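Source file: model02.cif; contents: mmCIF, C-alpha atoms.
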```cif
data_input
#
loop_
_atom_site.label_atom_id
_atom_site.label_comp_id
_atom_site.auth_asym_id
_atom_site.auth_seq_id
_atom_site.Cartn_x
_atom_site.Cartn_y
_atom_site.Cartn_z
CA MET R 1 53.34 16.89 178.84
CA ILE R 2 52.00 13.68 177.27
CA ARG R 3 55.59 12.66 176.50
CA GLN R 4 56.54 13.22 180.15
CA THR R 5 53.61 11.07 181.31
CA ILE R 6 54.39 8.17 178.98
CA GLY R 7 58.05 8.26 179.95
CA MET R 8 57.22 8.25 183.63
CA VAL R 9 54.97 5.21 183.09
CA PHE R 10 57.89 3.38 181.46
CA ILE R 11 60.17 4.39 184.34
CA TRP R 12 57.62 3.14 186.91
CA VAL R 13 57.32 -0.22 185.14
CA GLY R 14 61.10 -0.49 184.98
CA ILE R 15 61.54 0.23 188.67
CA ALA R 16 58.83 -2.32 189.54
CA PHE R 17 60.52 -5.00 187.42
CA ASP R 18 63.88 -4.19 189.03
CA PHE R 19 62.43 -4.54 192.50
CA LEU R 20 60.61 -7.81 191.75
CA GLY R 21 63.67 -9.31 190.09
CA VAL R 22 65.82 -8.47 193.09
CA LEU R 23 63.16 -9.97 195.35
CA GLY R 24 63.43 -13.18 193.32
CA LEU R 25 67.21 -13.01 193.68
CA VAL R 26 66.78 -13.08 197.45
CA ARG R 27 63.92 -15.56 197.70
CA LEU R 28 64.64 -18.39 195.24
CA PRO R 29 66.54 -21.49 196.40
CA ASP R 30 69.11 -22.08 193.68
CA VAL R 31 71.79 -20.40 191.58
CA TYR R 32 70.05 -21.15 188.31
CA SER R 33 66.59 -20.06 189.38
CA ARG R 34 68.10 -16.94 190.94
CA LEU R 35 69.74 -16.21 187.60
CA GLN R 36 66.43 -16.77 185.85
CA ALA R 37 64.72 -14.28 188.14
CA ALA R 38 67.52 -11.77 188.00
CA THR R 39 67.74 -11.63 184.23
CA LYS R 40 64.19 -10.28 184.16
CA CYS R 41 65.41 -7.13 185.81
CA VAL R 42 67.75 -6.55 182.88
CA THR R 43 65.46 -6.98 179.90
CA PHE R 44 62.35 -5.34 181.30
CA GLY R 45 63.63 -3.34 184.24
CA THR R 46 66.64 -1.32 183.29
CA ALA R 47 65.90 -1.37 179.55
CA GLY R 48 62.38 -0.08 180.17
CA LEU R 49 63.78 2.60 182.45
CA LEU R 50 66.26 3.74 179.82
CA PHE R 51 63.50 3.72 177.20
CA GLY R 52 61.44 5.99 179.44
CA VAL R 53 64.42 8.33 179.71
CA PHE R 54 64.66 8.28 175.90
CA ILE R 55 60.96 9.14 175.56
CA ILE R 56 61.26 12.04 178.01
CA LYS R 57 64.42 13.48 176.53
CA GLY R 58 63.58 12.96 172.86
CA PHE R 59 66.10 12.99 170.04
CA SER R 60 68.89 14.78 171.85
CA SER R 61 72.31 13.47 172.84
CA PHE R 62 70.88 12.42 176.19
CA GLY R 63 68.20 10.28 174.54
CA PHE R 64 70.59 8.71 172.08
CA LYS R 65 72.93 7.76 174.89
CA ALA R 66 69.97 6.02 176.55
CA LEU R 67 69.21 4.12 173.32
CA LEU R 68 72.86 3.10 173.06
CA GLY R 69 72.68 1.84 176.62
CA ILE R 70 69.60 -0.26 175.77
CA ALA R 71 71.34 -1.82 172.76
CA PHE R 72 74.49 -2.55 174.75
CA ILE R 73 72.59 -4.12 177.65
CA PHE R 74 70.48 -6.26 175.30
CA PHE R 75 73.58 -7.61 173.60
CA THR R 76 75.86 -8.20 176.55
CA SER R 77 73.76 -9.20 179.53
CA PRO R 78 72.28 -12.51 178.20
CA ALA R 79 75.77 -13.52 177.10
CA ALA R 80 77.10 -12.87 180.60
CA ALA R 81 74.18 -14.75 182.18
CA HIS R 82 74.72 -17.74 179.90
CA ALA R 83 78.45 -17.80 180.68
CA ILE R 84 77.78 -17.64 184.41
CA SER R 85 75.22 -20.47 184.37
CA ARG R 86 77.44 -22.67 182.20
CA ALA R 87 80.43 -22.05 184.43
CA ALA R 88 78.34 -22.79 187.53
CA HIS R 89 77.20 -26.09 186.08
CA ARG R 90 80.71 -27.05 185.06
CA GLY R 91 82.02 -25.98 188.42
CA ARG R 92 79.77 -28.61 190.06
CA ILE R 93 77.59 -26.20 191.96
CA PRO R 94 74.61 -28.34 192.99
CA LEU R 95 70.99 -27.79 192.04
CA ALA R 96 68.25 -27.30 194.62
CA LYS R 97 66.75 -30.34 196.31
CA GLU R 98 63.35 -29.71 194.75
CA SER R 99 64.58 -29.93 191.16
CA VAL R 100 63.53 -33.03 189.25
CA VAL R 101 65.62 -33.17 186.07
CA ASP R 102 69.05 -32.04 184.87
CA LEU R 103 69.22 -32.43 181.11
CA TYR R 104 72.60 -30.80 180.75
CA GLU R 105 74.10 -33.43 183.03
CA ALA R 106 72.28 -36.20 181.18
CA ASP R 107 73.54 -34.93 177.84
CA GLY R 108 76.96 -36.39 178.59
CA GLU R 109 78.91 -33.32 177.66
CA LEU R 110 80.59 -33.31 181.02
CA LYS R 111 81.87 -36.87 180.79
CA GLU R 112 84.32 -36.23 178.02
CA LYS R 113 86.01 -33.49 179.98
CA MET B 1 55.34 -20.74 210.62
CA ARG B 2 54.88 -20.04 206.93
CA VAL B 3 52.10 -17.56 207.61
CA ALA B 4 54.28 -15.84 210.20
CA ARG B 5 57.12 -15.47 207.71
CA TRP B 6 54.82 -14.03 205.08
CA LEU B 7 53.37 -11.61 207.63
CA ILE B 8 56.80 -10.43 208.75
CA GLY B 9 57.93 -9.92 205.18
CA ALA B 10 54.76 -8.07 204.21
CA THR B 11 55.08 -5.85 207.28
CA VAL B 12 58.69 -4.98 206.55
CA LEU B 13 58.08 -4.31 202.87
CA GLY B 14 54.90 -2.35 203.52
CA SER B 15 56.49 -0.21 206.21
CA LEU B 16 59.47 0.54 203.98
CA ALA B 17 57.22 1.37 201.04
CA THR B 18 54.98 3.63 203.11
CA LEU B 19 57.95 5.35 204.72
CA ASN B 20 59.45 5.82 201.32
CA PHE B 21 56.38 7.08 199.57
CA PHE B 22 54.34 9.05 202.08
CA VAL B 23 56.56 10.39 204.85
CA PHE B 24 59.61 11.37 202.87
CA GLU B 25 59.26 14.81 201.36
CA GLY B 26 60.79 15.25 197.96
CA PRO B 27 60.28 15.01 194.21
CA LEU B 28 59.01 11.82 192.61
CA LEU B 29 62.32 10.98 190.97
CA VAL B 30 64.08 10.99 194.34
CA LYS B 31 61.56 8.46 195.63
CA LEU B 32 62.18 6.24 192.61
CA ILE B 33 65.94 6.49 193.23
CA ASN B 34 65.24 5.44 196.82
CA VAL B 35 63.40 2.34 195.63
CA SER B 36 66.35 1.48 193.42
CA LEU B 37 68.79 1.94 196.30
CA PHE B 38 66.63 -0.33 198.47
CA SER B 39 66.76 -3.01 195.75
CA SER B 40 70.54 -2.76 195.70
CA LEU B 41 70.49 -3.35 199.47
CA PHE B 42 68.82 -6.72 198.74
CA VAL B 43 71.50 -7.46 196.18
CA LEU B 44 74.21 -6.70 198.74
CA PHE B 45 72.54 -9.19 201.10
CA ARG B 46 72.95 -11.85 198.41
CA VAL B 47 76.57 -10.83 197.86
CA VAL B 48 77.42 -11.23 201.56
CA TYR B 49 75.39 -14.37 202.39
CA GLY B 50 75.55 -16.20 199.08
CA PRO B 51 76.23 -19.89 199.75
CA SER B 52 78.22 -20.47 196.57
CA PRO B 53 80.57 -18.28 194.50
CA ALA B 54 78.15 -18.29 191.55
CA ASP B 55 75.52 -16.52 193.69
CA ARG B 56 77.96 -13.74 194.40
CA ILE B 57 78.85 -13.40 190.72
CA VAL B 58 75.17 -13.21 189.73
CA ALA B 59 74.53 -10.62 192.43
CA VAL B 60 77.43 -8.43 191.33
CA ASP B 61 76.21 -8.62 187.72
CA ILE B 62 72.70 -7.55 188.71
CA LEU B 63 74.13 -4.81 190.92
CA GLY B 64 75.82 -3.34 187.85
CA VAL B 65 72.53 -3.36 185.95
CA LEU B 66 70.70 -1.68 188.84
CA ILE B 67 73.36 1.01 189.05
CA ILE B 68 72.98 1.71 185.31
CA GLY B 69 69.27 2.40 185.83
CA MET B 70 70.02 4.49 188.90
CA LEU B 71 72.52 6.59 186.95
CA ALA B 72 69.90 7.20 184.24
CA LEU B 73 67.53 8.47 186.94
CA PHE B 74 70.29 10.67 188.36
CA GLY B 75 70.85 12.16 184.91
CA LEU B 76 67.14 12.83 184.57
CA PHE B 77 67.01 14.45 188.01
CA PHE B 78 70.01 16.75 187.58
CA ASP B 79 69.36 17.26 183.83
CA GLN B 80 72.98 16.44 183.02
CA GLY B 81 74.01 14.16 180.17
CA PHE B 82 77.30 12.84 181.46
CA PHE B 83 75.66 10.39 183.86
CA LEU B 84 74.71 8.29 180.83
CA ASP B 85 78.39 8.20 179.82
CA ILE B 86 79.20 6.79 183.25
CA ALA B 87 76.38 4.26 182.79
CA LEU B 88 77.75 3.07 179.44
CA ILE B 89 81.27 2.64 180.81
CA TRP B 90 79.85 0.83 183.84
CA ALA B 91 77.95 -1.57 181.55
CA LEU B 92 81.12 -2.33 179.57
CA LEU B 93 83.21 -2.99 182.68
CA SER B 94 80.46 -5.06 184.30
CA PHE B 95 80.20 -7.27 181.21
CA VAL B 96 83.95 -7.89 181.09
CA ALA B 97 84.08 -8.55 184.82
CA SER B 98 81.21 -11.06 184.62
CA LEU B 99 82.89 -12.96 181.80
CA ALA B 100 86.20 -13.04 183.67
CA PHE B 101 84.56 -14.25 186.89
CA ALA B 102 82.68 -16.96 184.98
CA LYS B 103 85.91 -18.09 183.36
CA ILE B 104 87.66 -18.30 186.73
CA LEU B 105 84.70 -20.21 188.20
CA GLU B 106 84.79 -22.70 185.35
CA GLY B 107 88.38 -23.47 186.21
CA GLY B 108 89.98 -22.57 182.93
CA ARG B 109 92.68 -20.08 182.21
CA LEU B 110 91.87 -16.56 181.12
CA ASP B 111 93.71 -16.58 177.81
CA ASP B 112 92.04 -19.35 175.82
#
```
Could you take the file, read its structure, and then write that structure out as structure tokens?
Amino acid sequence: MIRQTIGMVFIWVGIAFDFLGVLGLVRLPDVYSRLQAATKCVTFGTAGLLFGVFIIKGFSSFGFKALLGIAFIFFTSPAAAHAISRAAHRGRIPLAKESVVDLYEADGELKEK
Amino acid sequence: MRVARWLIGATVLGSLATLNFFVFEGPLLVKLINVSLFSSLFVLFRVVYGPSPADRIVAVDILGVLIIGMLALFGLFFDQGFFLDIALIWALLSFVASLAFAKILEGGRLDD
């Protein structure tokens, strides 16, 4: 019973983070800030949800599959986000009008290409 | 104008949340799955109306992550373990697809 309650709390927090991250994906003005909002719903949202499933199901095959999913998401999703943002900057997708500095542009890495 | 936009958004979100949580009869897990489906509706809005290709790629990536969480909830609801297998395979394919889309967006070839 106490395990069920703690797992449901983790699932609630995960669903709330998912919803808020998606809200940021709709509301924010720019590709990069949208990516920054949307990566929250990976590390806290879906990973928290899978951890709640692991707490509810315990050390069975179901729970270990959930743990494997957490490990896989933690390894792959920041790599994918970094690749997308780097490709967007190299593909000359502009920043928002409100942004004040672009250090990656000023670094001069793009000039040698 | 700004106040009107905030009011409209709060009304829409509040009405959806109340409809979802108080009128709909069902178990709690089904309501949570409904919230997740509603979030994926937002993501589909960004896929359709995204101004640049990178927005669409980000949205598809996040849609994969949302569907992984939704499949975990489905497995918890039906008490079946194979939904987590589907979730793992979905995560793998979503990762590869995101990397390939990023590579195409960067302008390079796929084999270097």
Using all atoms listed in the file, tabulate the residues of chain R lying at most 7 Å from any atom of chain B, each with its closest atom pair and that distance in Å to one decimal, by chain and increasing residue number, as CSV.
```
residue,atom,partner,partner_atom,distance
R:Ile15,CA,B:Ser36,CA,6.9
R:Phe19,CA,B:Ser39,CA,5.6
R:Val22,CA,B:Ser39,CA,6.1
R:Val26,CA,B:Arg46,CA,6.4
R:Val31,CA,B:Asp55,CA,5.8
R:Leu35,CA,B:Val58,CA,6.6
R:Ala38,CA,B:Ile62,CA,6.7
R:Val42,CA,B:Val65,CA,6.5
R:Thr46,CA,B:Gly69,CA,5.2
R:Leu49,CA,B:Gly69,CA,6.5
R:Leu50,CA,B:Ala72,CA,6.7
R:Phe62,CA,B:Gly81,CA,5.4
R:Lys65,CA,B:Leu84,CA,6.2
R:Ala66,CA,B:Leu84,CA,6.8
R:Gly69,CA,B:Leu88,CA,5.9
R:Thr76,CA,B:Phe95,CA,6.4
R:Ser77,CA,B:Phe95,CA,6.9
R:Ala80,CA,B:Leu99,CA,5.9
R:Ala83,CA,B:Ala102,CA,6.1
R:Ile84,CA,B:Ala102,CA,5.0
R:Ala87,CA,B:Glu106,CA,4.5
R:Ala88,CA,B:Ala54,CA,6.0
R:Arg90,CA,B:Glu106,CA,6.0
R:Gly91,CA,B:Glu106,CA,5.3
```
Quiz item: Could you tell me, as a list in words, which residues have any atom at most 9 Å from (66.5, 18.2, 191.9), counting only C-alpha atoms?
Solution: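 Selection result: Gly26, Pro27, Leu29, Val30, Phe77, Phe78 and Asp79 of chain B.
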Quiz item: Could you pull the residues within 10 Å of R:Ala47, counting all atoms listed in the file, minus those fewer than 4 positions along the same chain, as a list in words?
Solution: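 What passes the distance filter is Phe10, Ile11, Gly14, Cys41, Val42, Thr43, Phe51, Gly52, Val53, Ala66, Leu67, Gly69, Ile70, Ala71, Phe72, Ile73 and Phe74 of chain R; Val65, Ile68 and Gly69 of chain B.
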Exercise. Tell me, in Å to one decimal, how far atom CA of R:Ala96 is from atom CA of R:Arg34.
Key: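 One can read the atom CA of R:Ala96 to atom CA of R:Arg34 distance as 11.0 Å.
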Mind giving me the axis-aligned box for stretch 81-95 of chain B with 4 Å on every side, centre plus edges in Å to one decimal, as AutoDock Vina command-line options?
```
--center_x 78.6 --center_y 3.4 --center_z 181.9 --size_x 17.2 --size_y 29.4 --size_z 12.9
```
Practice problem: Work out how far atom CA of R:Asp30 is from atom CA of B:Arg5, in Å to one decimal. | Solution: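 Atom CA of R:Asp30 lies at a distance of 19.6 Å from atom CA of B:Arg5.
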